[in-house]
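What follows is data.pdb (PDB, C-alpha atoms, pLDDT in the B column).
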ATOM      1  CA  MET A 441      81.925  81.185 108.292  1.00 46.00           C
ATOM      2  CA  SER A 442      79.616  80.349 105.405  1.00 42.00           C
ATOM      3  CA  GLY A 443      77.192  77.420 105.666  1.00 43.00           C
ATOM      4  CA  VAL A 444      77.120  77.019 101.878  1.00 42.00           C
ATOM      5  CA  ALA A 445      80.708  76.248 101.005  1.00 49.00           C
ATOM      6  CA  PRO A 446      81.684  78.179  97.892  1.00 58.00           C
ATOM      7  CA  THR A 447      84.340  76.612  95.744  1.00 61.00           C
ATOM      8  CA  THR A 448      87.920  77.657  96.323  1.00 79.00           C
ATOM      9  CA  THR A 449      88.108  78.697  92.674  1.00 90.00           C
ATOM     10  CA  ARG A 450      85.105  81.049  92.996  1.00 92.00           C
ATOM     11  CA  VAL A 451      86.366  82.629  96.223  1.00 94.00           C
ATOM     12  CA  THR A 452      89.800  83.077  94.644  1.00 96.00           C
ATOM     13  CA  GLU A 453      88.271  84.764  91.591  1.00 96.00           C
ATOM     14  CA  LEU A 454      86.305  87.144  93.823  1.00 97.00           C
ATOM     15  CA  PHE A 455      89.398  87.895  95.910  1.00 97.00           C
ATOM     16  CA  VAL A 456      91.488  88.727  92.834  1.00 97.00           C
ATOM     17  CA  SER A 457      88.703  90.941  91.473  1.00 97.00           C
ATOM     18  CA  ALA A 458      88.447  92.758  94.813  1.00 98.00           C
ATOM     19  CA  GLU A 459      92.229  93.253  94.913  1.00 98.00           C
ATOM     20  CA  GLN A 460      92.266  94.746  91.422  1.00 97.00           C
ATOM     21  CA  MET A 461      89.402  97.084  92.245  1.00 97.00           C
ATOM     22  CA  LEU A 462      90.990  98.197  95.513  1.00 98.00           C
ATOM     23  CA  VAL A 463      94.388  98.867  93.916  1.00 98.00           C
ATOM     24  CA  GLU A 464      92.658 101.105  91.374  1.00 97.00           C
ATOM     25  CA  VAL A 465      90.704 102.980  94.064  1.00 97.00           C
ATOM     26  CA  LEU A 466      93.733 103.434  96.323  1.00 97.00           C
ATOM     27  CA  GLY A 467      95.608 104.842  93.337  1.00 96.00           C
ATOM     28  CA  ARG A 468      93.168 107.779  93.402  1.00 96.00           C
ATOM     29  CA  ILE A 469      94.390 108.997  96.814  1.00 97.00           C
ATOM     30  CA  LYS A 470      96.208 112.298  96.487  1.00 95.00           C
ATOM     31  CA  PRO A 471      98.632 113.909  98.935  1.00 93.00           C
ATOM     32  CA  GLY A 472      96.759 115.455 101.825  1.00 94.00           C
ATOM     33  CA  GLN A 473      93.797 113.074 101.634  1.00 97.00           C
ATOM     34  CA  GLY A 474      95.233 110.533 104.067  1.00 96.00           C
ATOM     35  CA  LYS A 475      93.692 112.360 107.025  1.00 97.00           C
ATOM     36  CA  ILE A 476      90.133 111.870 105.781  1.00 97.00           C
ATOM     37  CA  VAL A 477      88.311 109.719 108.325  1.00 97.00           C
ATOM     38  CA  LEU A 478      86.497 106.619 107.113  1.00 96.00           C
ATOM     39  CA  PRO A 479      83.640 104.832 108.862  1.00 93.00           C
ATOM     40  CA  PRO A 480      84.478 101.736 110.927  1.00 95.00           C
ATOM     41  CA  MET A 481      85.448  98.688 108.876  1.00 94.00           C
ATOM     42  CA  ARG A 482      83.756  96.333 111.324  1.00 94.00           C
ATOM     43  CA  VAL A 483      80.900  96.952 113.717  1.00 92.00           C
ATOM     44  CA  ASP A 484      83.098  97.398 116.816  1.00 93.00           C
ATOM     45  CA  ASP A 485      86.032  99.118 115.077  1.00 95.00           C
ATOM     46  CA  PRO A 486      86.763 102.799 115.576  1.00 96.00           C
ATOM     47  CA  PRO A 487      86.725 105.154 112.602  1.00 96.00           C
ATOM     48  CA  ARG A 488      90.176 105.371 111.005  1.00 97.00           C
ATOM     49  CA  SER A 489      91.842 107.757 108.611  1.00 98.00           C
ATOM     50  CA  ILE A 490      92.516 106.702 105.047  1.00 98.00           C
ATOM     51  CA  ARG A 491      96.233 106.549 105.938  1.00 96.00           C
ATOM     52  CA  GLU A 492      95.568 104.245 108.909  1.00 97.00           C
ATOM     53  CA  SER A 493      93.164 102.117 106.880  1.00 97.00           C
ATOM     54  CA  VAL A 494      95.617 101.671 103.998  1.00 97.00           C
ATOM     55  CA  ALA A 495      98.429 100.806 106.434  1.00 96.00           C
ATOM     56  CA  ARG A 496      96.184  98.235 108.098  1.00 96.00           C
ATOM     57  CA  HIS A 497      95.306  96.842 104.676  1.00 97.00           C
ATOM     58  CA  ALA A 498      99.010  96.579 103.752  1.00 97.00           C
ATOM     59  CA  ARG A 499      99.669  94.552 106.911  1.00 97.00           C
ATOM     60  CA  ASP A 500      96.786  92.248 105.984  1.00 97.00           C
ATOM     61  CA  GLU A 501      98.260  91.794 102.488  1.00 97.00           C
ATOM     62  CA  VAL A 502     101.593  90.783 104.047  1.00 97.00           C
ATOM     63  CA  ARG A 503      99.834  88.314 106.368  1.00 97.00           C
ATOM     64  CA  LEU A 504      97.776  86.720 103.599  1.00 97.00           C
ATOM     65  CA  ALA A 505     100.724  86.512 101.207  1.00 96.00           C
ATOM     66  CA  GLY A 506     102.952  84.998 103.906  1.00 96.00           C
ATOM     67  CA  LEU A 507     105.636  87.626 103.358  1.00 96.00           C
ATOM     68  CA  ASP A 508     108.430  88.270 105.820  1.00 95.00           C
ATOM     69  CA  GLU A 509     108.081  92.059 106.083  1.00 94.00           C
ATOM     70  CA  ASP A 510     106.171  94.568 108.163  1.00 92.00           C
ATOM     71  CA  GLY A 511     103.886  95.988 105.470  1.00 88.00           C
ATOM     72  CA  SER A 512     105.152  99.557 105.735  1.00 92.00           C
ATOM     73  CA  LEU A 513     104.120 101.671 102.752  1.00 93.00           C
ATOM     74  CA  GLY A 514     107.528 103.257 102.128  1.00 90.00           C
ATOM     75  CA  GLU A 515     108.313 106.117  99.759  1.00 91.00           C
ATOM     76  CA  ASP A 516     105.809 105.096  97.076  1.00 94.00           C
ATOM     77  CA  PRO A 517     102.693 103.771  98.834  1.00 95.00           C
ATOM     78  CA  HIS A 518     100.807 102.974  95.637  1.00 95.00           C
ATOM     79  CA  ALA A 519     103.683 100.922  94.237  1.00 96.00           C
ATOM     80  CA  THR A 520     103.879  99.070  97.557  1.00 97.00           C
ATOM     81  CA  ILE A 521     100.144  98.378  97.530  1.00 97.00           C
ATOM     82  CA  LYS A 522     100.360  97.067  93.948  1.00 97.00           C
ATOM     83  CA  ARG A 523     103.272  94.777  94.873  1.00 97.00           C
ATOM     84  CA  LEU A 524     101.562  93.474  98.011  1.00 98.00           C
ATOM     85  CA  ALA A 525      98.274  92.928  96.159  1.00 98.00           C
ATOM     86  CA  ALA A 526     100.101  90.909  93.497  1.00 98.00           C
ATOM     87  CA  ALA A 527     101.727  88.793  96.211  1.00 97.00           C
ATOM     88  CA  ALA A 528      98.375  88.210  97.960  1.00 97.00           C
ATOM     89  CA  CYS A 529      96.733  87.269  94.639  1.00 97.00           C
ATOM     90  CA  ALA A 530      99.552  84.833  93.891  1.00 96.00           C
ATOM     91  CA  ALA A 531      99.127  83.235  97.313  1.00 96.00           C
ATOM     92  CA  ALA A 532      95.370  82.963  96.779  1.00 96.00           C
ATOM     93  CA  GLN A 533      95.831  81.406  93.345  1.00 95.00           C
ATOM     94  CA  ALA A 534      98.392  78.982  94.765  1.00 94.00           C
ATOM     95  CA  GLY A 535      95.823  77.862  97.332  1.00 93.00           C
ATOM     96  CA  THR A 536      97.864  78.869 100.374  1.00 93.00           C
ATOM     97  CA  ILE A 537      95.118  81.053 101.903  1.00 94.00           C
ATOM     98  CA  ALA A 538      92.176  79.410 103.667  1.00 92.00           C
ATOM     99  CA  ASP A 539      88.760  80.012 102.090  1.00 89.00           C
ATOM    100  CA  ASP A 540      87.425  81.794 105.172  1.00 91.00           C
ATOM    101  CA  ASP A 541      90.413  84.182 105.130  1.00 94.00           C
ATOM    102  CA  LEU A 542      89.945  84.737 101.398  1.00 95.00           C
ATOM    103  CA  LEU A 543      86.253  85.462 101.789  1.00 96.00           C
ATOM    104  CA  LEU A 544      86.781  87.823 104.718  1.00 96.00           C
ATOM    105  CA  GLY A 545      89.627  89.486 102.795  1.00 97.00           C
ATOM    106  CA  THR A 546      87.368  89.936  99.782  1.00 97.00           C
ATOM    107  CA  ILE A 547      84.638  91.514 101.897  1.00 98.00           C
ATOM    108  CA  THR A 548      87.009  93.917 103.645  1.00 97.00           C
ATOM    109  CA  ARG A 549      88.640  94.933 100.371  1.00 98.00           C
ATOM    110  CA  CYS A 550      85.209  95.763  98.962  1.00 98.00           C
ATOM    111  CA  PHE A 551      84.292  97.772 102.041  1.00 97.00           C
ATOM    112  CA  LEU A 552      87.590  99.676 101.969  1.00 98.00           C
ATOM    113  CA  ALA A 553      87.306 100.444  98.236  1.00 97.00           C
ATOM    114  CA  HIS A 554      83.733 101.636  98.680  1.00 96.00           C
ATOM    115  CA  ASP A 555      84.562 103.813 101.692  1.00 96.00           C
ATOM    116  CA  VAL A 556      87.679 105.363 100.155  1.00 97.00           C
ATOM    117  CA  ALA A 557      85.971 106.064  96.830  1.00 96.00           C
ATOM    118  CA  PHE A 558      83.018 107.813  98.444  1.00 94.00           C
ATOM    119  CA  HIS A 559      85.107 109.773 100.921  1.00 94.00           C
ATOM    120  CA  LEU A 560      87.299 110.982  98.065  1.00 95.00           C
ATOM    121  CA  GLY A 561      84.132 112.379  96.491  1.00 92.00           C
ATOM    122  CA  SER A 562      83.068 109.703  94.012  1.00 91.00           C
ATOM    123  CA  THR A 563      79.338 109.222  93.618  1.00 84.00           C
ATOM    124  CA  ALA A 564      79.754 105.887  91.829  1.00 85.00           C
ATOM    125  CA  CYS A 565      80.269 102.661  93.739  1.00 86.00           C
ATOM    126  CA  PRO A 566      83.518 101.024  92.572  1.00 93.00           C
ATOM    127  CA  LEU A 567      82.346  97.424  93.073  1.00 95.00           C
ATOM    128  CA  PRO A 568      81.858  95.582  89.779  1.00 95.00           C
ATOM    129  CA  GLU A 569      78.402  93.992  89.583  1.00 96.00           C
ATOM    130  CA  ASP A 570      79.802  90.459  89.159  1.00 96.00           C
ATOM    131  CA  LEU A 571      81.943  90.845  92.288  1.00 97.00           C
ATOM    132  CA  ALA A 572      79.038  92.239  94.308  1.00 97.00           C
ATOM    133  CA  ARG A 573      76.691  89.519  93.076  1.00 96.00           C
ATOM    134  CA  GLY A 574      79.165  86.768  93.905  1.00 96.00           C
ATOM    135  CA  LEU A 575      79.681  88.135  97.408  1.00 96.00           C
ATOM    136  CA  TRP A 576      75.955  88.551  97.988  1.00 96.00           C
ATOM    137  CA  GLU A 577      75.246  84.989  96.817  1.00 95.00           C
ATOM    138  CA  ILE A 578      77.910  83.565  99.123  1.00 95.00           C
ATOM    139  CA  THR A 579      77.240  85.707 102.210  1.00 96.00           C
ATOM    140  CA  GLU A 580      73.469  86.222 102.114  1.00 94.00           C
ATOM    141  CA  PRO A 581      72.501  82.715 103.290  1.00 95.00           C
ATOM    142  CA  ASP A 582      74.679  83.187 106.387  1.00 93.00           C
ATOM    143  CA  ALA A 583      74.398  86.949 106.826  1.00 95.00           C
ATOM    144  CA  GLN A 584      73.513  86.547 110.503  1.00 95.00           C
ATOM    145  CA  LYS A 585      76.795  84.720 111.127  1.00 95.00           C
ATOM    146  CA  TRP A 586      78.644  87.656 109.529  1.00 96.00           C
ATOM    147  CA  ARG A 587      76.666  90.020 111.766  1.00 97.00           C
ATOM    148  CA  ASP A 588      77.439  87.944 114.851  1.00 96.00           C
ATOM    149  CA  ALA A 589      81.145  88.130 113.935  1.00 96.00           C
ATOM    150  CA  GLY A 590      80.914  91.937 113.656  1.00 96.00           C
ATOM    151  CA  VAL A 591      81.763  91.968 109.944  1.00 97.00           C
ATOM    152  CA  PHE A 592      78.251  92.996 108.858  1.00 97.00           C
ATOM    153  CA  GLY A 593      75.994  95.501 110.553  1.00 96.00           C
ATOM    154  CA  GLU A 594      72.229  95.332 110.604  1.00 95.00           C
ATOM    155  CA  PRO A 595      70.846  95.230 107.058  1.00 95.00           C
ATOM    156  CA  LEU A 596      69.557  98.415 105.521  1.00 93.00           C
ATOM    157  CA  THR A 597      66.101  97.440 104.361  1.00 87.00           C
ATOM    158  CA  PRO A 598      63.809  97.499 102.571  1.00 87.00           C
ATOM    159  CA  TYR A 599      65.249  97.643  99.122  1.00 82.00           C
ATOM    160  CA  PRO A 600      63.450  97.258  95.822  1.00 82.00           C
ATOM    161  CA  PRO A 601      63.678  93.906  94.031  1.00 84.00           C
ATOM    162  CA  ASP A 602      65.426  95.507  91.038  1.00 89.00           C
ATOM    163  CA  VAL A 603      68.236  97.057  93.099  1.00 93.00           C
ATOM    164  CA  SER A 604      71.769  96.590  91.742  1.00 94.00           C
ATOM    165  CA  TRP A 605      73.919  93.770  93.091  1.00 95.00           C
ATOM    166  CA  ARG A 606      76.255  96.430  94.506  1.00 94.00           C
ATOM    167  CA  ASP A 607      73.476  97.995  96.538  1.00 94.00           C
ATOM    168  CA  ARG A 608      72.038  94.604  97.502  1.00 94.00           C
ATOM    169  CA  PHE A 609      75.395  93.350  98.849  1.00 96.00           C
ATOM    170  CA  LEU A 610      76.282  96.565 100.676  1.00 95.00           C
ATOM    171  CA  ARG A 611      72.796  97.036 102.136  1.00 94.00           C
ATOM    172  CA  SER A 612      72.657  93.399 103.296  1.00 95.00           C
ATOM    173  CA  ALA A 613      76.006  94.027 105.028  1.00 96.00           C
ATOM    174  CA  GLY A 614      74.600  97.099 106.784  1.00 95.00           C
ATOM    175  CA  ARG A 615      76.572  99.600 104.701  1.00 94.00           C
ATOM    176  CA  ASP A 616      75.072 102.582 102.924  1.00 90.00           C
ATOM    177  CA  PRO A 617      75.836 102.238  99.204  1.00 89.00           C
ATOM    178  CA  HIS A 618      75.102 105.940  98.585  1.00 83.00           C
ATOM    179  CA  PRO A 619      76.255 107.907 101.639  1.00 78.00           C
ATOM    180  CA  HIS A 620      76.394 111.214  99.750  1.00 69.00           C
ATOM    181  CA  PHE A 621      72.705 111.111  98.928  1.00 65.00           C
ATOM    182  CA  ASP A 622      71.272 110.885 102.454  1.00 54.00           C
TER
END
Output the file's structure as C-alpha cells, nothing else.
Amino acid sequence: MSGVAPTTTRVTELFVSAEQMLVEVLGRIKPGQGKIVLPPMRVDDPPRSIRESVARHARDEVRLAGLDEDGSLGEDPHATIKRLAAAACAAAQAGTIADDDLLLGTITRCFLAHDVAFHLGSTACPLPEDLARGLWEITEPDAQKWRDAGVFGEPLTPYPPDVSWRDRFLRSAGRDPHPHFD
C-alpha cells in the first residue's frame, strides 16, 4: 500500500506498540459499556458497538497470529485479548505477517484504541507520540492510496504546524482527534 517501503523492523515495532496501547485501552471497558456505538472503522463500514468491534478485533488477532481458533472472547474477554495480542506480536516479530497486513493492523488498532477511549469518556488520546509520528511518516506520502482503499477518510484540515503527532496522524486519516470538543 505504501510507496515508501518502511522497514519490516519499524513496522513491527509500531505494530507491537499499537497492540500494547490497545490492550491497555480495552482493559478499561466495564460491564455494560459494550453497547456503546463507535464510529465506522473504515469509510464504508457501519457503526459498530464496542462489543462487536472488540470481537472483530479478536478475529483479526487470530488471523494475523495464524491461530487455529475462532477468536471468541470467552468468559474473560480481557485475558483473551491479552493472549491474542501476545500471539499476534510474536507472529509479527517472527516475520510471519506481511508488511502491508502489519501496517493496516497497526492503523486499525490505533483507530480502535482512539475510538474506544473517547467513547468511554477519556479526553486524552491514547496514542503515544512516537507511534503516531511513525504512522504519519509512513502513511502521509501515500495518504491518497489509503483513502482510495477506504481506510482513511478525507483529511481534516487545516491544522497548525505545531500540532501533536497524534492529531496530525488522526487528522490526516480523516478522524477527529478530539470528538468531545466539537
Item to check | Expansion of the PyMOL selection byres ((chain A and resi 500) around 10) into residues, as a PyMOL selection string | outcome: chain A and resi 494-499+501-506+510-511+524-525+528+545
Item to check | Residues matched by the PyMOL selection byres ((chain A and resi 618) around 10) as number ranges by chain | outcome: A: 554, 558, 562-565, 607, 610-611, 615-617, 619-622
Next on the checklist: Just checking: using all atoms listed in the file, which residue out of A:Ala583, A:Leu552, A:Ala532, A:Val451 ends up closest to A:Leu466?
Outcome noted: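 Going through A:Ala583, A:Leu552, A:Ala532, A:Val451 one by one, the smallest distance to A:Leu466 is for A:Leu552.
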Item to check | Minimum-distance residue to A:Ala553, chosen among A:Asp508, A:Asp484, A:Leu567, A:Asp541 (using only C-alpha atoms) | outcome: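 Closest to A:Ala553 of all the choices is A:Leu567.
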Next on the checklist: So, with all atoms listed in the file as the atoms that count, which of A:Ala538, A:Val483, A:Leu462, A:Cys529 lies closest to A:Arg587?
Outcome noted: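 Looking at the shortest contact to A:Arg587, the residue is A:Val483.
Comparing A:Gly574, A:Gly514, A:Pro568, A:Gly467 by their smallest distance to A:Leu543, the closest is A:Gly574 (using all atoms listed in the file).
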Checklist entry - Got a sec to resolve the PyMOL selection byres ((chain A and resi 544) around 12) on this structure and send the residues as a ChimeraX atom specification? => result /A:441-442,451-452,454-455,458,481-482,500,504,537-543,545-551,575,578-579,586,589-592
Checklist entry - A:Ile490: which residues within 10 Å, counting only C-alpha atoms, same-chain residues fewer than 5 positions away excluded, as a list in words? => result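 Residues meeting the cut-off are Leu466, Ile469, Gln473, Gly474, Lys475, Ile476, Val477, Leu478, Pro479, Ala495, Arg496, Leu552, Asp555, Val556, His559 and Leu560 of chain A.
Closest approach to A:Ala527 from the set A:Trp576, A:Tyr599, A:Leu507, A:Glu492 is made by A:Leu507, with distances taken over all atoms listed in the file.
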Next on the checklist: Which residue is closest to A:Glu594? Choose from A:Arg608, A:Ala613, A:Glu580, A:Thr520 and count all atoms listed in the file.
Outcome noted: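 Checking each candidate against A:Glu594, we get A:Ala613 as the closest.
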Checklist entry - Mind pulling up the distance from atom CA of A:Lys470 to atom CA of A:Pro487? => result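 Spanning atom CA of A:Pro487 to atom CA of A:Lys470 is a straight-line distance of 20.0 Å.
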Next on the checklist: Report, in Å with one decimal, the straight-line distance from atom CA of A:Arg606 to atom CA of A:Pro517.
Outcome noted: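 The value is 27.8 Å.
Picture a line from atom CA of A:Glu453 to atom CA of A:Leu513; it runs 25.7 Å.
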For stretch 513-517 of chain A, take all atoms listed in the file, fit an axis-aligned box around them, add 8 Å to each of the six sides, then output centre and edge lengths in Å rounded to one decimal, as JSON.
{"center_x": 105.5, "center_y": 103.9, "center_z": 99.9, "size_x": 21.6, "size_y": 20.4, "size_z": 21.7}
Kindly complete stretch 579-615 of chain A to N, CA and C atoms; the output should be written as a tab-separated table (two decimals), in the frame of the given file.
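Below you can see part.tsv, which holds the result:
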chain	number	residue	atom	x	y	z
A	579	THR	N	77.44	85.26	100.82
A	579	THR	CA	77.24	85.71	102.21
A	579	THR	C	75.79	85.79	102.65
A	580	GLU	N	74.87	86.01	101.73
A	580	GLU	CA	73.47	86.22	102.11
A	580	GLU	C	72.86	85.06	102.90
A	581	PRO	N	73.11	83.81	102.52
A	581	PRO	CA	72.50	82.72	103.29
A	581	PRO	C	72.96	82.69	104.75
A	582	ASP	N	74.14	83.20	105.02
A	582	ASP	CA	74.68	83.19	106.39
A	582	ASP	C	74.95	84.59	106.90
A	583	ALA	N	74.16	85.55	106.45
A	583	ALA	CA	74.40	86.95	106.83
A	583	ALA	C	74.40	87.14	108.34
A	584	GLN	N	73.56	86.39	109.04
A	584	GLN	CA	73.51	86.55	110.50
A	584	GLN	C	74.84	86.12	111.15
A	585	LYS	N	75.48	85.13	110.60
A	585	LYS	CA	76.80	84.72	111.13
A	585	LYS	C	77.82	85.84	110.94
A	586	TRP	N	77.74	86.53	109.78
A	586	TRP	CA	78.64	87.66	109.53
A	586	TRP	C	78.32	88.80	110.48
A	587	ARG	N	77.04	88.99	110.79
A	587	ARG	CA	76.67	90.02	111.77
A	587	ARG	C	77.17	89.65	113.16
A	588	ASP	N	76.98	88.40	113.54
A	588	ASP	CA	77.44	87.94	114.85
A	588	ASP	C	78.95	88.10	115.01
A	589	ALA	N	79.68	87.97	113.91
A	589	ALA	CA	81.14	88.13	113.94
A	589	ALA	C	81.56	89.60	113.87
A	590	GLY	N	80.61	90.51	113.70
A	590	GLY	CA	80.91	91.94	113.66
A	590	GLY	C	81.38	92.43	112.30
A	591	VAL	N	81.34	91.57	111.29
A	591	VAL	CA	81.76	91.97	109.94
A	591	VAL	C	80.65	92.77	109.27
A	592	PHE	N	79.42	92.31	109.40
A	592	PHE	CA	78.25	93.00	108.86
A	592	PHE	C	77.51	93.71	109.98
A	593	GLY	N	76.91	94.83	109.65
A	593	GLY	CA	75.99	95.50	110.55
A	593	GLY	C	74.58	95.03	110.25
A	594	GLU	N	73.62	95.66	110.88
A	594	GLU	CA	72.23	95.33	110.60
A	594	GLU	C	71.90	95.74	109.17
A	595	PRO	N	71.13	94.92	108.46
A	595	PRO	CA	70.85	95.23	107.06
A	595	PRO	C	70.04	96.52	106.92
A	596	LEU	N	70.31	97.21	105.84
A	596	LEU	CA	69.56	98.42	105.52
A	596	LEU	C	68.43	98.00	104.58
A	597	THR	N	67.25	97.89	105.13
A	597	THR	CA	66.10	97.44	104.36
A	597	THR	C	64.98	98.46	104.50
A	598	PRO	N	63.97	98.39	103.71
A	598	PRO	CA	63.81	97.50	102.57
A	598	PRO	C	64.55	98.03	101.37
A	599	TYR	N	64.72	97.18	100.40
A	599	TYR	CA	65.25	97.64	99.12
A	599	TYR	C	64.44	97.01	98.00
A	600	PRO	N	64.29	97.75	96.90
A	600	PRO	CA	63.45	97.26	95.82
A	600	PRO	C	64.03	96.00	95.19
A	601	PRO	N	63.20	95.16	94.62
A	601	PRO	CA	63.68	93.91	94.03
A	601	PRO	C	64.62	94.11	92.84
A	602	ASP	N	64.57	95.27	92.20
A	602	ASP	CA	65.43	95.51	91.04
A	602	ASP	C	66.70	96.28	91.38
A	603	VAL	N	67.04	96.34	92.67
A	603	VAL	CA	68.24	97.06	93.10
A	603	VAL	C	69.49	96.38	92.53
A	604	SER	N	70.53	97.15	92.29
A	604	SER	CA	71.77	96.59	91.74
A	604	SER	C	72.37	95.60	92.73
A	605	TRP	N	73.23	94.72	92.22
A	605	TRP	CA	73.92	93.77	93.09
A	605	TRP	C	74.82	94.52	94.06
A	606	ARG	N	75.41	95.62	93.62
A	606	ARG	CA	76.26	96.43	94.51
A	606	ARG	C	75.45	96.88	95.72
A	607	ASP	N	74.31	97.50	95.44
A	607	ASP	CA	73.48	98.00	96.54
A	607	ASP	C	72.95	96.85	97.40
A	608	ARG	N	72.57	95.76	96.77
A	608	ARG	CA	72.04	94.60	97.50
A	608	ARG	C	73.10	94.06	98.47
A	609	PHE	N	74.34	93.87	97.98
A	609	PHE	CA	75.40	93.35	98.85
A	609	PHE	C	75.70	94.33	99.98
A	610	LEU	N	75.93	95.59	99.64
A	610	LEU	CA	76.28	96.56	100.68
A	610	LEU	C	75.16	96.75	101.69
A	611	ARG	N	73.92	96.85	101.22
A	611	ARG	CA	72.80	97.04	102.14
A	611	ARG	C	72.61	95.80	103.03
A	612	SER	N	72.79	94.61	102.47
A	612	SER	CA	72.66	93.40	103.30
A	612	SER	C	73.76	93.33	104.35
A	613	ALA	N	74.89	93.98	104.07
A	613	ALA	CA	76.01	94.03	105.03
A	613	ALA	C	75.88	95.20	106.01
A	614	GLY	N	74.81	95.98	105.87
A	614	GLY	CA	74.60	97.10	106.78
A	614	GLY	C	75.38	98.35	106.41
A	615	ARG	N	75.78	98.45	105.15
A	615	ARG	CA	76.57	99.60	104.70
A	615	ARG	C	75.77	100.40	103.68
